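Raw final10.txt, compact mmCIF, C-alpha atoms and all ligand atoms:
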```
# COMPACT_ATOMS: atom_id res chain seq x y z
CA MET I 1 -63.90 -101.73 -44.04
CA LYS I 2 -63.73 -98.23 -42.65
CA PRO I 3 -67.09 -96.38 -42.61
CA MET I 4 -67.30 -93.43 -44.99
CA PRO I 5 -66.80 -90.20 -43.05
CA LYS I 6 -69.91 -88.01 -43.12
CA SER I 7 -69.45 -84.71 -44.89
CA LYS I 8 -69.67 -81.73 -42.57
CA SER I 9 -72.52 -80.11 -44.45
CA THR I 10 -74.66 -83.27 -44.41
CA GLU I 11 -74.01 -83.65 -40.72
CA SER I 12 -75.17 -80.16 -39.84
CA ALA I 13 -78.17 -80.30 -42.19
CA ALA I 14 -79.42 -83.69 -40.94
CA THR I 15 -82.64 -83.64 -38.97
CA PRO I 16 -82.55 -85.88 -35.93
CA GLU I 17 -84.86 -88.89 -35.95
CA LYS I 18 -86.85 -87.93 -32.91
CA LEU I 19 -89.01 -84.85 -33.32
CA PRO I 20 -91.00 -83.04 -30.65
CA LYS I 21 -94.74 -83.44 -31.30
CA ILE I 22 -95.42 -80.08 -29.70
CA LEU I 23 -92.80 -77.35 -30.06
CA ALA I 24 -93.53 -74.05 -28.34
CA PHE I 25 -91.93 -70.62 -28.55
CA ALA I 26 -92.43 -68.98 -25.19
CA ASN I 27 -91.24 -65.94 -23.28
CA GLN I 28 -93.46 -63.59 -21.32
CA LYS I 29 -91.31 -60.71 -22.57
CA GLY I 30 -92.92 -58.94 -25.51
CA GLY I 31 -90.97 -58.60 -28.76
CA ALA I 32 -88.49 -61.39 -27.97
CA GLY I 33 -89.02 -63.13 -31.31
CA LYS I 34 -91.60 -65.83 -30.46
CA SER I 35 -93.91 -65.25 -33.44
CA THR I 36 -91.01 -64.82 -35.86
CA GLY I 37 -89.42 -68.02 -34.55
CA ALA I 38 -92.67 -70.01 -34.55
CA VAL I 39 -93.60 -69.05 -38.12
CA HIS I 40 -90.11 -69.81 -39.41
CA ALA I 41 -90.14 -73.16 -37.59
CA ALA I 42 -93.56 -74.03 -39.08
CA ASP I 43 -92.33 -73.22 -42.59
CA TRP I 44 -89.04 -75.08 -42.02
CA PHE I 45 -90.72 -78.29 -40.84
CA THR I 46 -93.26 -78.08 -43.68
CA GLN I 47 -90.47 -77.70 -46.23
CA LYS I 48 -88.78 -80.74 -44.71
CA GLY I 49 -91.92 -82.75 -45.48
CA HIS I 50 -93.46 -82.89 -42.00
CA SER I 51 -97.16 -82.09 -41.71
CA THR I 52 -97.19 -79.04 -39.47
CA ILE I 53 -99.80 -76.78 -37.89
CA LEU I 54 -99.16 -73.55 -36.03
CA VAL I 55 -101.26 -72.75 -32.99
CA ASP I 56 -101.46 -69.03 -32.42
CA ALA I 57 -101.97 -68.74 -28.67
CA ASP I 58 -101.34 -65.01 -28.62
CA GLY I 59 -104.33 -62.70 -28.40
CA GLN I 60 -102.65 -60.35 -30.91
CA GLN I 61 -102.91 -63.03 -33.61
CA SER I 62 -99.84 -61.90 -35.50
CA SER I 63 -98.57 -65.33 -36.50
CA SER I 64 -101.93 -66.63 -37.76
CA GLY I 65 -102.25 -63.79 -40.28
CA TRP I 66 -98.70 -64.55 -41.41
CA LEU I 67 -99.47 -68.28 -41.75
CA LYS I 68 -102.52 -67.41 -43.84
CA ASP I 69 -100.28 -65.48 -46.25
CA LEU I 70 -97.91 -68.45 -46.39
CA GLY I 71 -100.78 -70.83 -47.13
CA LEU I 72 -99.96 -73.04 -44.13
CA PRO I 73 -102.39 -74.54 -41.59
CA TYR I 74 -103.01 -72.68 -38.35
CA LYS I 75 -105.45 -72.48 -35.50
CA ILE I 76 -106.09 -69.61 -33.10
CA ILE I 77 -106.53 -70.81 -29.52
CA SER I 78 -106.05 -68.33 -26.72
CA ASP I 79 -108.13 -69.98 -24.00
CA PRO I 80 -105.85 -71.95 -21.62
CA GLU I 81 -108.38 -74.74 -21.03
CA VAL I 82 -109.03 -75.19 -24.74
CA LEU I 83 -105.27 -75.19 -25.40
CA PHE I 84 -104.75 -77.86 -22.76
CA ASP I 85 -107.36 -80.11 -24.38
CA GLU I 86 -106.66 -79.34 -28.04
CA LEU I 87 -102.87 -79.49 -28.27
CA PRO I 88 -102.66 -83.28 -27.80
CA LEU I 89 -105.52 -83.78 -30.28
CA LEU I 90 -103.76 -81.68 -32.90
CA ALA I 91 -100.56 -83.62 -32.22
CA GLU I 92 -102.44 -86.78 -33.27
CA SER I 93 -103.40 -85.23 -36.63
CA TYR I 94 -100.08 -83.56 -37.51
CA ASP I 95 -96.42 -84.57 -37.30
CA ILE I 96 -95.61 -81.35 -35.46
CA VAL I 97 -97.62 -78.67 -33.68
CA VAL I 98 -95.76 -75.37 -33.38
CA VAL I 99 -97.15 -73.06 -30.70
CA ASP I 100 -96.67 -69.30 -30.70
CA GLY I 101 -96.98 -68.17 -27.09
CA PRO I 102 -98.22 -64.84 -25.76
CA GLY I 103 -96.03 -62.04 -24.44
CA ASN I 104 -97.22 -62.35 -20.87
CA ALA I 105 -96.87 -64.70 -17.93
CA SER I 106 -100.38 -66.08 -18.04
CA GLU I 107 -102.39 -69.26 -17.67
CA VAL I 108 -101.96 -69.61 -21.44
CA THR I 109 -98.17 -69.83 -21.04
CA LYS I 110 -98.65 -72.42 -18.26
CA ALA I 111 -100.98 -74.54 -20.41
CA ILE I 112 -98.41 -74.43 -23.24
CA LEU I 113 -95.58 -75.53 -20.92
CA ILE I 114 -97.67 -78.38 -19.55
CA ARG I 115 -98.40 -79.72 -23.05
CA SER I 116 -95.17 -79.05 -24.97
CA ASN I 117 -92.34 -81.50 -25.55
CA LEU I 118 -89.79 -78.85 -26.48
CA VAL I 119 -89.87 -75.17 -25.53
CA LEU I 120 -87.64 -72.63 -27.20
CA ILE I 121 -87.19 -69.33 -25.44
CA PRO I 122 -85.98 -66.53 -27.69
CA CYS I 123 -84.29 -63.76 -25.76
CA ARG I 124 -82.86 -60.51 -27.03
CA ASP I 125 -79.31 -59.77 -25.98
CA SER I 126 -80.17 -56.63 -24.02
CA MET I 127 -79.68 -56.53 -20.28
CA ILE I 128 -83.35 -55.62 -19.80
CA ASP I 129 -84.48 -58.70 -21.71
CA LEU I 130 -81.94 -60.94 -20.01
CA ALA I 131 -83.03 -59.73 -16.60
CA SER I 132 -86.65 -60.57 -17.42
CA THR I 133 -86.02 -64.23 -18.27
CA GLY I 134 -86.34 -65.22 -14.60
CA LYS I 135 -90.12 -65.53 -14.85
CA ILE I 136 -90.23 -67.89 -17.82
CA MET I 137 -87.37 -69.92 -16.31
CA GLN I 138 -89.43 -70.28 -13.13
CA PHE I 139 -92.48 -71.40 -15.13
CA VAL I 140 -90.41 -73.95 -17.04
CA ARG I 141 -88.79 -75.24 -13.85
CA GLN I 142 -92.21 -75.70 -12.24
CA ALA I 143 -93.59 -77.48 -15.32
CA LYS I 144 -90.54 -79.77 -15.29
CA GLU I 145 -91.12 -80.57 -11.62
CA ILE I 146 -94.77 -81.42 -12.22
CA ARG I 147 -94.04 -83.50 -15.32
CA GLY I 148 -90.89 -85.23 -14.13
CA GLY I 149 -88.47 -83.53 -16.52
CA SER I 150 -90.61 -82.35 -19.44
CA PRO I 151 -90.67 -80.08 -21.29
CA ILE I 152 -87.13 -79.97 -22.58
CA ALA I 153 -86.30 -76.31 -22.95
CA ALA I 154 -83.55 -74.09 -24.31
CA VAL I 155 -82.92 -70.38 -24.57
CA TYR I 156 -81.50 -68.80 -27.71
CA LEU I 157 -80.29 -65.28 -28.25
CA ASN I 158 -82.32 -63.56 -30.93
CA ALA I 159 -81.71 -60.43 -33.00
CA VAL I 160 -78.08 -60.34 -31.91
CA LYS I 161 -76.23 -57.25 -33.03
CA ASP I 162 -72.68 -57.56 -34.22
CA ASN I 163 -71.52 -56.46 -30.79
CA THR I 164 -69.44 -59.12 -29.14
CA ILE I 165 -69.09 -57.52 -25.71
CA LEU I 166 -72.83 -57.55 -25.04
CA LEU I 167 -73.11 -61.02 -26.53
CA ARG I 168 -70.43 -62.32 -24.17
CA GLU I 169 -72.17 -60.73 -21.19
CA ALA I 170 -75.47 -62.19 -22.32
CA ARG I 171 -73.98 -65.66 -22.59
CA GLU I 172 -72.50 -65.37 -19.12
CA ALA I 173 -75.79 -64.17 -17.64
CA LEU I 174 -77.77 -67.02 -19.18
CA GLN I 175 -75.26 -69.78 -18.71
CA SER I 176 -75.74 -69.73 -14.96
CA GLY I 177 -79.44 -70.55 -15.37
CA ILE I 178 -81.06 -73.98 -15.20
CA ILE I 179 -82.12 -73.96 -18.84
CA PRO I 180 -79.43 -74.52 -21.46
CA LEU I 181 -78.45 -71.75 -23.82
CA LEU I 182 -78.05 -72.80 -27.45
CA ASN I 183 -74.62 -72.10 -28.93
CA THR I 184 -76.21 -70.77 -32.09
CA THR I 185 -77.50 -67.21 -32.04
CA LEU I 186 -79.86 -65.57 -34.49
CA PRO I 187 -78.55 -62.30 -35.93
CA ASP I 188 -80.49 -59.06 -36.15
CA ARG I 189 -81.36 -58.88 -39.85
CA GLN I 190 -83.61 -56.59 -41.86
CA CYS I 191 -84.81 -59.47 -44.04
CA ILE I 192 -86.20 -61.22 -40.93
CA LYS I 193 -88.05 -58.01 -40.01
CA ASP I 194 -89.35 -57.67 -43.57
CA ALA I 195 -90.62 -61.26 -43.84
CA PRO I 196 -94.15 -60.82 -42.34
CA GLY I 197 -94.83 -57.70 -44.45
CA GLN I 198 -94.00 -59.75 -47.54
CA GLY I 199 -96.12 -62.67 -46.34
CA SER I 200 -92.96 -64.74 -46.58
CA THR I 201 -90.14 -66.29 -44.56
CA VAL I 202 -86.40 -66.08 -45.10
CA PHE I 203 -86.63 -69.64 -46.46
CA ARG I 204 -88.68 -68.33 -49.38
CA MET I 205 -87.11 -64.90 -49.88
CA LYS I 206 -84.51 -64.22 -52.54
CA GLY I 207 -81.05 -62.75 -52.03
CA GLU I 208 -77.92 -63.50 -50.09
CA ALA I 209 -79.10 -61.84 -46.86
CA ALA I 210 -82.20 -64.05 -46.72
CA LYS I 211 -80.14 -67.14 -47.51
CA ALA I 212 -77.74 -66.35 -44.66
CA ALA I 213 -80.68 -65.78 -42.27
CA ALA I 214 -82.24 -69.05 -43.45
CA ARG I 215 -79.00 -70.86 -42.63
CA ALA I 216 -79.03 -69.29 -39.16
CA TYR I 217 -82.61 -70.50 -38.53
CA THR I 218 -81.71 -73.97 -39.78
CA LYS I 219 -78.74 -74.05 -37.45
CA ILE I 220 -80.83 -72.98 -34.43
CA LEU I 221 -83.57 -75.52 -35.14
CA THR I 222 -81.10 -78.31 -35.82
CA GLU I 223 -79.21 -77.61 -32.59
CA ALA I 224 -82.50 -77.51 -30.65
CA LEU I 225 -83.65 -80.82 -32.16
CA LYS I 226 -80.32 -82.45 -31.33
CA LEU I 227 -80.70 -81.29 -27.74
CA PHE I 228 -84.24 -82.67 -27.69
CA GLU I 229 -83.08 -85.99 -29.05
CA SER I 230 -80.25 -86.30 -26.56
CA GLU I 231 -82.33 -85.31 -23.53
CA SER I 232 -85.52 -87.27 -24.25
N1 LIG I 301 -83.64 -61.90 -35.72
C1 LIG I 301 -84.36 -60.79 -35.96
N2 LIG I 301 -83.84 -59.79 -36.72
C2 LIG I 301 -84.54 -58.66 -36.96
N3 LIG I 301 -85.77 -58.43 -36.48
C3 LIG I 301 -86.34 -59.37 -35.70
C4 LIG I 301 -85.68 -60.61 -35.42
N4 LIG I 301 -86.50 -61.36 -34.64
C5 LIG I 301 -87.62 -60.63 -34.46
N5 LIG I 301 -87.53 -59.44 -35.09
C6 LIG I 301 -88.52 -58.35 -35.10
O1 LIG I 301 -88.78 -58.00 -33.75
C7 LIG I 301 -90.15 -57.70 -33.57
C8 LIG I 301 -90.72 -58.62 -32.48
O2 LIG I 301 -90.65 -59.96 -32.94
P1 LIG I 301 -91.85 -60.98 -32.67
O3 LIG I 301 -93.14 -60.38 -33.07
O4 LIG I 301 -91.46 -62.28 -33.29
O5 LIG I 301 -91.75 -61.07 -31.09
P2 LIG I 301 -92.79 -61.75 -30.08
O6 LIG I 301 -91.97 -62.36 -29.00
O7 LIG I 301 -93.71 -62.64 -30.81
O8 LIG I 301 -93.58 -60.49 -29.53
P3 LIG I 301 -95.00 -60.48 -28.73
O9 LIG I 301 -94.67 -60.87 -27.33
O10 LIG I 301 -95.43 -59.05 -28.85
O11 LIG I 301 -95.90 -61.46 -29.41
C9 LIG I 301 -90.81 -57.88 -34.94
O12 LIG I 301 -90.88 -56.63 -35.56
C10 LIG I 301 -89.84 -58.78 -35.67
O13 LIG I 301 -89.90 -58.59 -37.08
MG MG I 302 -95.80 -62.70 -30.93
```

Here is the file; what I need is its structure written in the form of structure tokens.
Amino acid sequence: MKPMPKSKSTESAATPEKLPKILAFANQKGGAGKSTGAVHAADWFTQKGHSTILVDADGQQSSSGWLKDLGLPYKIISDPEVLFDELPLLAESYDIVVVDGPGNASEVTKAILIRSNLVLIPCRDSMIDLASTGKIMQFVRQAKEIRGGSPIAAVYLNAVKDNTILLREAREALQSGIIPLLNTTLPDRQCIKDAPGQGSTVFRMKGEAAKAAARAYTKILTEALKLFESES
């Protein structure tokens, strides 16, 4: 008997079997979208039924305040040695630890890369931001060398304007790098900007714009998890 073909929507919504225990959002460039990505990932995994904690490793503590509003577990750790020791312990107590990295190329970022299984690097599609990705790429490459391939990492373009010329240039600039660029991009949307002020995420907000942004986040996370599954 022929197997039933999977429906397209089920296929894209399916979460891969293998999940990263420690998922970090890292980029030494400020304002790239790390905290926004990390908080949305923490809410997404929680809503999928996985016990999730967010580690706010950024001295500015923006994501921990947001997590508090959402009523989700979080821990603030901005000491690199403590991060190194605590991340694996937290990974024993939760299904997934989501780490929000700082906006600088510090020992904290190095500790995160040494402990993470999957690193997502949000990058804005401006030439200034693209040009600055070299540093985090270098950090990831060095961590991979030390750890024999881990962490698996991917870049995604965040807050993409509806401007295809820049987007094409951005893709070309990143595609030559050693870290894969996700096909999915995250659009620049007011509802994403509004989410922290409302103590919410686009997964919880009402309206079509939030629903569309939620679909974009789901697509990014699903693509990243598929990459993780295939590479690990
Ligand atoms: N896709 C998006 N659409 C619209 N606004 C966005 C999007 N992603 C992030 N932003 C906004 O951009 C700003 C910077 O985002 P965020 O705080 O997540 O960056 P960050 O990388 O954590 O910065 P830092 O390095 O300072 O911690 C915030 O005001 C956020 O609301
Ligand atoms: Mg941040």

**Report entry** Contacts to ligand MG 302 (chain I) at 7 Å cut-off (all atoms listed in the file) as JSON, numbers by chain
**Finding:** {"I": [31, 33, 34, 35, 58, 62, 63, 100, 101, 102, 103]}

Query raised in the report: Which residue gives the smallest distance to ligand LIG 301 (chain I) among I:Thr222, I:Ser230, I:Thr133, I:Gln61, with all atoms listed in the file counted?
Result: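 Of I:Thr222, I:Ser230, I:Thr133, I:Gln61, the one nearest ligand LIG 301 (chain I), counting all atoms listed in the file, is I:Gln61.
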
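Nearest-residue note for Lys68 (chain I): choosing from I:Ala42, I:Gly199, I:Ile152, I:Phe84, the minimum distance belongs to I:Gly199, counting only C-alpha atoms.
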
Query raised in the report: With all atoms listed in the file as the atoms that count, which of I:Tyr217, I:Phe139, I:Tyr94, I:Trp44 lies nearest to ligand LIG 301 (chain I)?
Result: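 Among the listed residues, I:Tyr217 lies closest to ligand LIG 301 (chain I).
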
Query raised in the report: Interatomic distance between CA of Arg204 (chain I) and CA of Ala216 (chain I)?
Result: 14.1 Å

Query raised in the report: Within 9 Å of ligand LIG 301 (chain I), counting only C-alpha atoms and all ligand atoms: which residues, as a PyMOL selection string?
Result: chain I and resi 25-39+58-63+100-104+122-124+157-161+185-197+213

Query raised in the report: Counting all atoms listed in the file, what is within 7 Å of region 175-184 of chain I, bar same-chain residues fewer than 4 positions away, as a ChimeraX atom specification?
Result: /I:153-156,171,219-220

Requested in this report: Pick out the closest residue to Gly148 (chain I) from this set: I:Val55, I:Ile114, I:Leu89, I:Leu225. Count all atoms listed in the file.
Outcome: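 For Gly148 (chain I), the nearest of the candidates is I:Ile114.
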
**Report entry** Point (-102.5, -74.3, -31.5), cut-off 8 Å, counting all atoms listed in the file, residues as a list of chain:residue names
**Finding:** I:Ile53, I:Leu54, I:Val55, I:Asp56, I:Ala57, I:Tyr74, I:Lys75, I:Ile76, I:Ile77, I:Leu83, I:Glu86, I:Leu87, I:Leu90, I:Val97, I:Val98, I:Val99, I:Asp100

Could you write out the selected residues, including C-alpha atoms, as a PDB file, keeping the file's coordinate frame?
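Saved file selection.pdb follows:
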```pdb
ATOM      1  CA  ILE I  53     -99.800 -76.780 -37.890  1.00  0.00           C
ATOM      2  CA  LEU I  54     -99.160 -73.550 -36.030  1.00  0.00           C
ATOM      3  CA  VAL I  55    -101.260 -72.750 -32.990  1.00  0.00           C
ATOM      4  CA  ASP I  56    -101.460 -69.030 -32.420  1.00  0.00           C
ATOM      5  CA  ALA I  57    -101.970 -68.740 -28.670  1.00  0.00           C
ATOM      6  CA  TYR I  74    -103.010 -72.680 -38.350  1.00  0.00           C
ATOM      7  CA  LYS I  75    -105.450 -72.480 -35.500  1.00  0.00           C
ATOM      8  CA  ILE I  76    -106.090 -69.610 -33.100  1.00  0.00           C
ATOM      9  CA  ILE I  77    -106.530 -70.810 -29.520  1.00  0.00           C
ATOM     10  CA  LEU I  83    -105.270 -75.190 -25.400  1.00  0.00           C
ATOM     11  CA  GLU I  86    -106.660 -79.340 -28.040  1.00  0.00           C
ATOM     12  CA  LEU I  87    -102.870 -79.490 -28.270  1.00  0.00           C
ATOM     13  CA  LEU I  90    -103.760 -81.680 -32.900  1.00  0.00           C
ATOM     14  CA  VAL I  97     -97.620 -78.670 -33.680  1.00  0.00           C
ATOM     15  CA  VAL I  98     -95.760 -75.370 -33.380  1.00  0.00           C
ATOM     16  CA  VAL I  99     -97.150 -73.060 -30.700  1.00  0.00           C
ATOM     17  CA  ASP I 100     -96.670 -69.300 -30.700  1.00  0.00           C
TER      18      ASP I 100
END
```

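Distance-wise, CA of Ala91 (chain I) and CA of Asp79 (chain I) end up 17.6 Å apart.
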
Report task. For each of I:Glu17, I:Ala173, I:Thr218, I:Asp129, take the minimum atom-to-atom distance to Phe45 (chain I), counting all atoms listed in the file, then give the residue where this is smallest. Result ->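 Under the stated criterion, the closest residue is I:Thr218.
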
Requested in this report: Have a look at I:Leu118, I:Pro80, I:Trp66, I:Ser51 and name the one nearest to Lys226 (chain I); count all atoms listed in the file.
Outcome: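 Of all the options, I:Leu118 lies closest to Lys226 (chain I).
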
Report task. May I ask for the distance between CA of Pro151 (chain I) and CA of Phe203 (chain I), given in Å to one decimal place? Result ->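 CA of Phe203 (chain I) lies 27.5 Å from CA of Pro151 (chain I).
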